[in-house]
Amino acid sequence: MGKGGGGEDAVMLPLFETKEARFRGAYKVLAFTVFVGICLIWAYRLTHIPRAGEQGRWAWIGMFMAELCFGLYWILTQSCRFKVVYNHPFKERLSNRYKDKLPSVDIFVCTADPKMEPPTMVINTVLSTMSYNYPPEKLSVYLSDDGGSDLTFYALIEASNFSKHWIPFCKKFNVEPRSPGAYFSQQIDVHDIKYAQEWFAIKKLYKEMESRIDSAVEMGEIPKEIRDQYKGFSEWNSKVTKQDHQSIVKIIIDGRDETAVDIYGGRSPTLVYMAREKRPQWPHNFKAGAMNALIRVSSEISNAPFILNLDCDMYANDADIIRETLCFFMDEKKGHEISFVQFPQNYDNITKNDIYACSTSVANNVELAGIGGYGAALYCGTGCLHRRESLYGKVYSKDYGRELNVEAKKNANKTVNELEEVSISLANCSYEKDTQWGKKMGVIYGCPVEDIVTGLAIQCRGWKSLYYNPHRKAFLGVAPTTLDVVLVQQKRWSEGMFQIFFSKYCPFTYGHGKIKLGAQMGYCMYLLWAPISFPTLYYVITPPLCLFHGISLFPQVESIWFWPFAYVFVARNACSIVEALSCGDTLKAWWNGQRIWLIRRTTSYFFGFIDTISRQLGLSETTFAITTKVVTEDVLKRYEEEVIEFGSSTIMVTIIAVLALLHIFSLIGGINKIFLDLEFIKLDQLILQVVLSLLLVMINIPVYQALFIRNDEGHIPSSVLFKSVVLVSLACLIPMI
Ligand SMILES: O=c1ccn([C@@H]2O[C@H](COP(=O)(O)OP(=O)(O)O[C@H]3O[C@H](CO)[C@@H](O)[C@H](O)[C@H]3O)[C@@H](O)[C@H]2O)c(=O)[nH]1
Ligand SMILES: [Mn+2]
């Protein structure tokens with residue numbers, strides 16, 4: 001036990017502790033009362049169905065179905081709220097106990113397109129990880145470039161030169177964060193003259209490097225004098241395109257080399273560029289394919305027992321995070337069963353009231369921690385530290401692991417050329433033919449959310465996973481800044497997740513007996529995003545239309561049945577507000593979140609559903625729409641002012657406009673019926689529908705502004721307005737049955 005222990009602790013103190021969140025008992029009681037309310041709503045619907053021939057009978061039955069779905073879905077969302085846990089590592093204990101026996105760590109960064117993911121951003125991520133407070137000879141950073149671009153390769157060479165200055169600077173002054181871009185954009189109060197001098201000097205170096213890279217990117221090619229300096233560029237001949245090129249593996253810094261040092265003579269981490277082979281006739285399996293190639297190539301070069309996996313926009317924001325995370329793996333008692341530790345996805349460009357609800361604070365602080373409470377934290381694709389063996393496909397066994405394979409340097413006497421040579425063959429398309437890669441080994445293929453399904457498969461092989469949400473954010477990425485990008489990303493996720501539900505990996509069957517029921521439910525809460533769009537669409541269309549026609553679908557205020565509806569509505573929203581506020585959201589952010597929640601459910605999830613079904617029928621193939629990380633200044637300005645960017649006439653925007661107009665039409669129509677017809681009894685019968693429509697109208701205010709008032713580039717085009725008015729008028733003519 002505790003190989004590096006040295007026997008100094010007679011009683012080994014644990015390297016981490018797990019604490020349960022507060023107020024869980026009270027929450028369970030509240031959840032129970034809501035559950036009773038939901039059952040009463042179901043009972044009311046079943047006992048009050050309008051008789052055959054009566055108006056609104058089918059609308060009523062539809063309401064019952066929708067409420068049944070919502071209720072069942074709500075039950076799914078409870079499991080992850082019952083067992084919320086938080087993990088706390090003790091990094092000092094780790095450092096004391098393991099001293100120089102800490103394991104090596106490989107870091108994978110994935111990029112796919114130099115236009116959508118600018119090389120300067122990518123190298124900032126790379127540099128932030130190269131300068132971790134961790135022995136450099138134990139770190140290897142791999143960049144996978146699915147764009148196969150010499151621009152990215154060039155940027156990485158620049159980064160390797162700059163790192164010789166940057167890493168010692170970071171360590172000397174213990175700066176945070178260690179992404180130079182993020183660091184230099186902070187306001188810094190410089191007192192120390194020595195620090196100030198170095199700060200200016202290094203900032204100048206950084207800015208010069210940045211402008212060299214940016215101008216190369218702008219020109220779209222590398223200046224000849226630079227091309228001639230590095231022989232690596234010869235790989236890019238005129239035939240190389242993004243979709244069609246040979247494997248390229250370049251070890252830019254060889255960390256084994258004791259002469260590969262920074263300006264003060266400190267050792268450097270290994271740095272490797274990899275662009276796996278791409279051929280039009282071979283499916284490349286998107287990010288999953290890149291990850292698997294990285295696993296193989298790194299096993300040849302450094303073969304560290306742990307792998308940190310990052311998207312190219314997620315820079316490391318805490319220089320000590322590797323040590324902290326290793327506490328979980330190295331804990332003598334529980335560490336050996338842990339396969340991966342997942343961090344939340346945080347972003348550094350979220351505005352105060354988070355108009356697109358990208359910060360997902362509640363998911364990060366409650367839901368994901370709750371699923372982690374069942375030992376089955378989800379793998380979210382980035383910000384995750386894996387145990388190499390479990391990612392590789394190994395099945396957990398009790399006898400495993402106390403003997404951690406800390407160092408597996410089989411390559412000590414191979415030259416850089418030899419390593420590159422072998423690595424190239426490992427990154428070839430044909431390498432995976434007739435193997436288990438993408439099935440039982442590595443990241444699983446065939447799904448746009450490769451991460452979720454891979455995490456599930458690892459857990460079903462017996463491993464546990466942990467969720468860790470430290471106070472200082474470990475990684476910060478770039479959140480989408482336009483509605484369009486948000487909706488496309490959400491569509492990819494909802495589609496990919498629903499596909500898992502349909503596949504052999506459905507957590508209820510595949511995970512049965514392997515992961516806890518609570519974890520299965522937690523998974524399905526996400527996997528069922530796509531189908532929940534139907535009851536939602538029904539609920540925001542039918543009651544308003546019925547209101548328009550004066551048909552009542554809810555109990556009257558005097559009726560005793562009014563109370564379950566009111567209670568469930570108030571309790572759920574109050575709970576959701578308290579949760580959001582306690583996770584650090586503003587009230588307005590919560591309100592904005594409700595809007596995006598509605599928009600996502602009625603557009604992205606709906607199309608996610610349709611596309612999943614069409615793929616099941618073999619009508620379409622898996623794709624991966626990369627999220628762009630660049631926008632024009634104009635768009636950025638509106639984002640910072642928290643004005644929603646609609647800006648195009650996509651079908652999703654049309655749906656948003658149609659629904660918003662429908663709500664205002666029906667509200668006006670309904671109120672008209674109530675007052676002008678002098679049928680005041682109607683008010684009593686329709687009050688809940690009026691409230692529902694009123695809330696929907698309020699939440700849609702930014703949509704009306706974009707339709708009627710705004711005239712900036714981000715408004716909704718008038719063609720969409722025209723189409724929507726026609727559609728809503730037609731909808732209002734449909735007789736309600
Ligand atoms: O063919 C591809 C496509 C994408 N990527 C990389 O994958 C990452 C994620 O792509 P992005 O467009 O940023 O998608 P997001 O929606 O932001 O990604 C989230 O969702 C994905 C699954 O849908 C996960 O893989 C990601 O880790 C997770 O951050 C980026 O680094 C890309 O460079 C590749 O390497 N190859
Ligand atoms: Mn991303």
# chains A, B, ... in the order shown; residues from 1 in each chain; ligands from 1
>>> residues_around(residues="Gly265 (chain A)", least_positions_apart="6", cutoff="12 Å", atoms="only C-alpha atoms", output="list of chain:residue names")
A:Lys164, A:His165, A:Ile167, A:Pro168, A:Glu258, A:Thr259
>>> residues_near_ligand(ligand="ligand 2", cutoff="7 Å", atoms="only C-alpha atoms and all ligand atoms", output="list in words")
Asp311, Asp313, Val478 and Thr627 of chain A
>>> residues_near_ligand(ligand="ligand 1", cutoff="7 Å", atoms="only C-alpha atoms and all ligand atoms", output="NGL selection string")
:A and (109-113 or 144-146 or 285-287 or 290 or 311-313 or 380-382 or 448-451 or 489 or 492-493 or 624-628)
>>> residues_around(residues="Ala182 (chain A)", least_positions_apart="4", cutoff="10 Å", atoms="only C-alpha atoms", output="PyMOL selection string")
chain A and resi 121+124-125+128+176-178+186+315+317+348+476
>>> residues_around(residues="Val175 (chain A)", least_positions_apart="4", cutoff="12 Å", atoms="only C-alpha atoms", output="VMD selection string")
chain A and resid 128 131 to 133 166 to 171 179 to 180 182 to 184 186 188 195 199 317 to 320
>>> closest_residue(among="A:Pro344, A:Gly232, A:Gly446, A:Gly438", to="Gly496 (chain A)", atoms="only C-alpha atoms")
A:Gly446
>>> residues_around(residues="Ile577 (chain A)", least_positions_apart="2", cutoff="12 Å", atoms="only C-alpha atoms", output="list in words")
Ser361, Val362, Val570, Ala571, Arg572, Asn573, Ala574, Cys575, Glu579, Ala580, Leu581, Ser582, Cys583, Gly584, Asp585, Thr586, Leu587, Lys588, Ala589, Trp590, Trp591, Asn592, Gly593 and Gln594 of chain A
>>> write_last_selection(atoms="C-alpha atoms", output="PDB file, in the first residue's frame")
ATOM      1  CA  SER A 361     -24.541  26.746 -12.596  1.00  0.00           C
ATOM      2  CA  VAL A 362     -27.278  24.496 -11.288  1.00  0.00           C
ATOM      3  CA  VAL A 570     -45.103  27.584  -7.184  1.00  0.00           C
ATOM      4  CA  ALA A 571     -43.058  24.954  -5.354  1.00  0.00           C
ATOM      5  CA  ARG A 572     -41.102  23.946  -8.435  1.00  0.00           C
ATOM      6  CA  ASN A 573     -40.298  27.466  -9.483  1.00  0.00           C
ATOM      7  CA  ALA A 574     -39.463  28.581  -5.975  1.00  0.00           C
ATOM      8  CA  CYS A 575     -37.133  25.621  -5.645  1.00  0.00           C
ATOM      9  CA  GLU A 579     -31.208  26.569  -6.361  1.00  0.00           C
ATOM     10  CA  ALA A 580     -30.094  29.096  -8.965  1.00  0.00           C
ATOM     11  CA  LEU A 581     -29.442  31.849  -6.447  1.00  0.00           C
ATOM     12  CA  SER A 582     -27.549  29.538  -4.141  1.00  0.00           C
ATOM     13  CA  CYS A 583     -25.361  28.511  -7.075  1.00  0.00           C
ATOM     14  CA  GLY A 584     -24.460  32.137  -7.668  1.00  0.00           C
ATOM     15  CA  ASP A 585     -26.849  33.107 -10.466  1.00  0.00           C
ATOM     16  CA  THR A 586     -28.645  36.433 -10.400  1.00  0.00           C
ATOM     17  CA  LEU A 587     -32.442  36.464 -10.417  1.00  0.00           C
ATOM     18  CA  LYS A 588     -32.362  37.857 -13.929  1.00  0.00           C
ATOM     19  CA  ALA A 589     -30.016  35.072 -14.999  1.00  0.00           C
ATOM     20  CA  TRP A 590     -32.581  32.606 -13.689  1.00  0.00           C
ATOM     21  CA  TRP A 591     -35.305  34.333 -15.695  1.00  0.00           C
ATOM     22  CA  ASN A 592     -33.115  34.373 -18.814  1.00  0.00           C
ATOM     23  CA  GLY A 593     -32.452  30.709 -18.163  1.00  0.00           C
ATOM     24  CA  GLN A 594     -36.175  29.975 -18.267  1.00  0.00           C
TER      25      GLN A 594
END
>>> closest_residue(among="A:Leu547, A:Val697, A:Ile226, A:Ile599", to="Ile674 (chain A)", atoms="only C-alpha atoms")
A:Leu547
>>> atom_distance(atom1="CA of Met12 (chain A)", atom2="CA of Leu466 (chain A)")
21.3 Å
>>> closest_residue(among="A:Val485, A:Val249, A:Leu76, A:Ala357", to="Ser648 (chain A)", atoms="only C-alpha atoms")
A:Val485
>>> closest_residue(among="A:Gly522, A:Pro543, A:Pro223, A:Pro480", to="Val635 (chain A)", atoms="only C-alpha atoms")
A:Pro480
>>> select_by_dssp(residues="region 140-270 of chain A", states="alpha helix (DSSP H)", output="MDAnalysis selection string")
chainID A and resid 150:173 180:184 193:219 224:229
>>> closest_residue(among="A:Phe501, A:Leu527, A:Val486, A:Ser614", to="Ile355 (chain A)", atoms="only C-alpha atoms")
A:Val486
>>> residues_around(residues="Arg45 (chain A)", least_positions_apart="5", cutoff="10 Å", atoms="only C-alpha atoms", output="number ranges by chain")
A: 39-40, 50, 60-65, 67-68, 553-555, 561
>>> write_last_selection(atoms="C-alpha atoms", output="PDB file, in the first residue's frame")
ATOM      1  CA  CYS A  39     -50.216  12.624  -8.697  1.00  0.00           C
ATOM      2  CA  LEU A  40     -53.244  14.789  -7.913  1.00  0.00           C
ATOM      3  CA  PRO A  50     -64.757  15.937 -21.271  1.00  0.00           C
ATOM      4  CA  TRP A  60     -57.703  17.553 -22.660  1.00  0.00           C
ATOM      5  CA  ILE A  61     -56.365  14.075 -23.317  1.00  0.00           C
ATOM      6  CA  GLY A  62     -53.283  15.693 -24.816  1.00  0.00           C
ATOM      7  CA  MET A  63     -52.852  17.736 -21.661  1.00  0.00           C
ATOM      8  CA  PHE A  64     -52.943  14.570 -19.637  1.00  0.00           C
ATOM      9  CA  MET A  65     -50.263  12.983 -21.802  1.00  0.00           C
ATOM     10  CA  GLU A  67     -48.425  16.277 -17.795  1.00  0.00           C
ATOM     11  CA  LEU A  68     -47.731  12.573 -17.517  1.00  0.00           C
ATOM     12  CA  LEU A 553     -58.364  23.264 -19.771  1.00  0.00           C
ATOM     13  CA  PHE A 554     -57.674  23.902 -16.096  1.00  0.00           C
ATOM     14  CA  PRO A 555     -59.773  23.814 -12.922  1.00  0.00           C
ATOM     15  CA  TRP A 561     -58.302  20.841  -7.861  1.00  0.00           C
TER      16      TRP A 561
END
>>> atom_distance(atom1="CA of Phe565 (chain A)", atom2="CA of Ile656 (chain A)")
26.4 Å
>>> decode(residues="region 105-124 of chain A", atoms="N, CA and C atoms", output="compact mmCIF listing (two decimals), in the first residue's frame")
# COMPACT_ATOMS: atom_id res chain seq x y z
N VAL A 105 1.97 12.68 -16.31
CA VAL A 105 0.64 13.00 -16.82
C VAL A 105 0.76 13.44 -18.28
N ASP A 106 -0.09 12.87 -19.12
CA ASP A 106 -0.15 13.32 -20.52
C ASP A 106 -1.34 14.24 -20.68
N ILE A 107 -1.16 15.30 -21.44
CA ILE A 107 -2.27 16.24 -21.63
C ILE A 107 -2.64 16.27 -23.10
N PHE A 108 -3.91 16.04 -23.40
CA PHE A 108 -4.37 16.05 -24.78
C PHE A 108 -5.20 17.31 -25.03
N VAL A 109 -4.83 18.02 -26.07
CA VAL A 109 -5.65 19.17 -26.47
C VAL A 109 -6.11 18.90 -27.90
N CYS A 110 -7.41 19.07 -28.15
CA CYS A 110 -7.94 18.80 -29.49
C CYS A 110 -8.35 20.09 -30.17
N THR A 111 -7.94 20.22 -31.43
CA THR A 111 -8.47 21.33 -32.23
C THR A 111 -8.85 20.78 -33.59
N ALA A 112 -9.71 21.52 -34.31
CA ALA A 112 -10.24 20.93 -35.53
C ALA A 112 -10.32 21.90 -36.70
N ASP A 113 -10.07 23.17 -36.46
CA ASP A 113 -10.27 24.10 -37.56
C ASP A 113 -9.63 25.45 -37.23
N PRO A 114 -8.61 25.87 -38.00
CA PRO A 114 -7.91 27.09 -37.64
C PRO A 114 -8.77 28.36 -37.81
N LYS A 115 -9.88 28.25 -38.55
CA LYS A 115 -10.75 29.43 -38.70
C LYS A 115 -11.67 29.58 -37.50
N MET A 116 -12.30 28.48 -37.14
CA MET A 116 -13.27 28.55 -36.03
C MET A 116 -12.58 28.50 -34.67
N GLU A 117 -11.38 27.95 -34.66
CA GLU A 117 -10.63 27.86 -33.41
C GLU A 117 -9.25 28.47 -33.66
N PRO A 118 -9.13 29.79 -33.48
CA PRO A 118 -7.90 30.47 -33.88
C PRO A 118 -6.66 29.88 -33.19
N PRO A 119 -5.57 29.69 -33.95
CA PRO A 119 -4.35 29.12 -33.37
C PRO A 119 -3.85 29.85 -32.13
N THR A 120 -4.04 31.17 -32.04
CA THR A 120 -3.57 31.85 -30.82
C THR A 120 -4.34 31.35 -29.60
N MET A 121 -5.63 31.09 -29.79
CA MET A 121 -6.41 30.55 -28.67
C MET A 121 -5.90 29.15 -28.30
N VAL A 122 -5.65 28.35 -29.33
CA VAL A 122 -5.21 26.98 -29.09
C VAL A 122 -3.89 26.97 -28.31
N ILE A 123 -2.95 27.82 -28.72
CA ILE A 123 -1.65 27.76 -28.02
C ILE A 123 -1.75 28.35 -26.62
N ASN A 124 -2.69 29.22 -26.40
CA ASN A 124 -2.88 29.69 -25.03
C ASN A 124 -3.27 28.54 -24.12
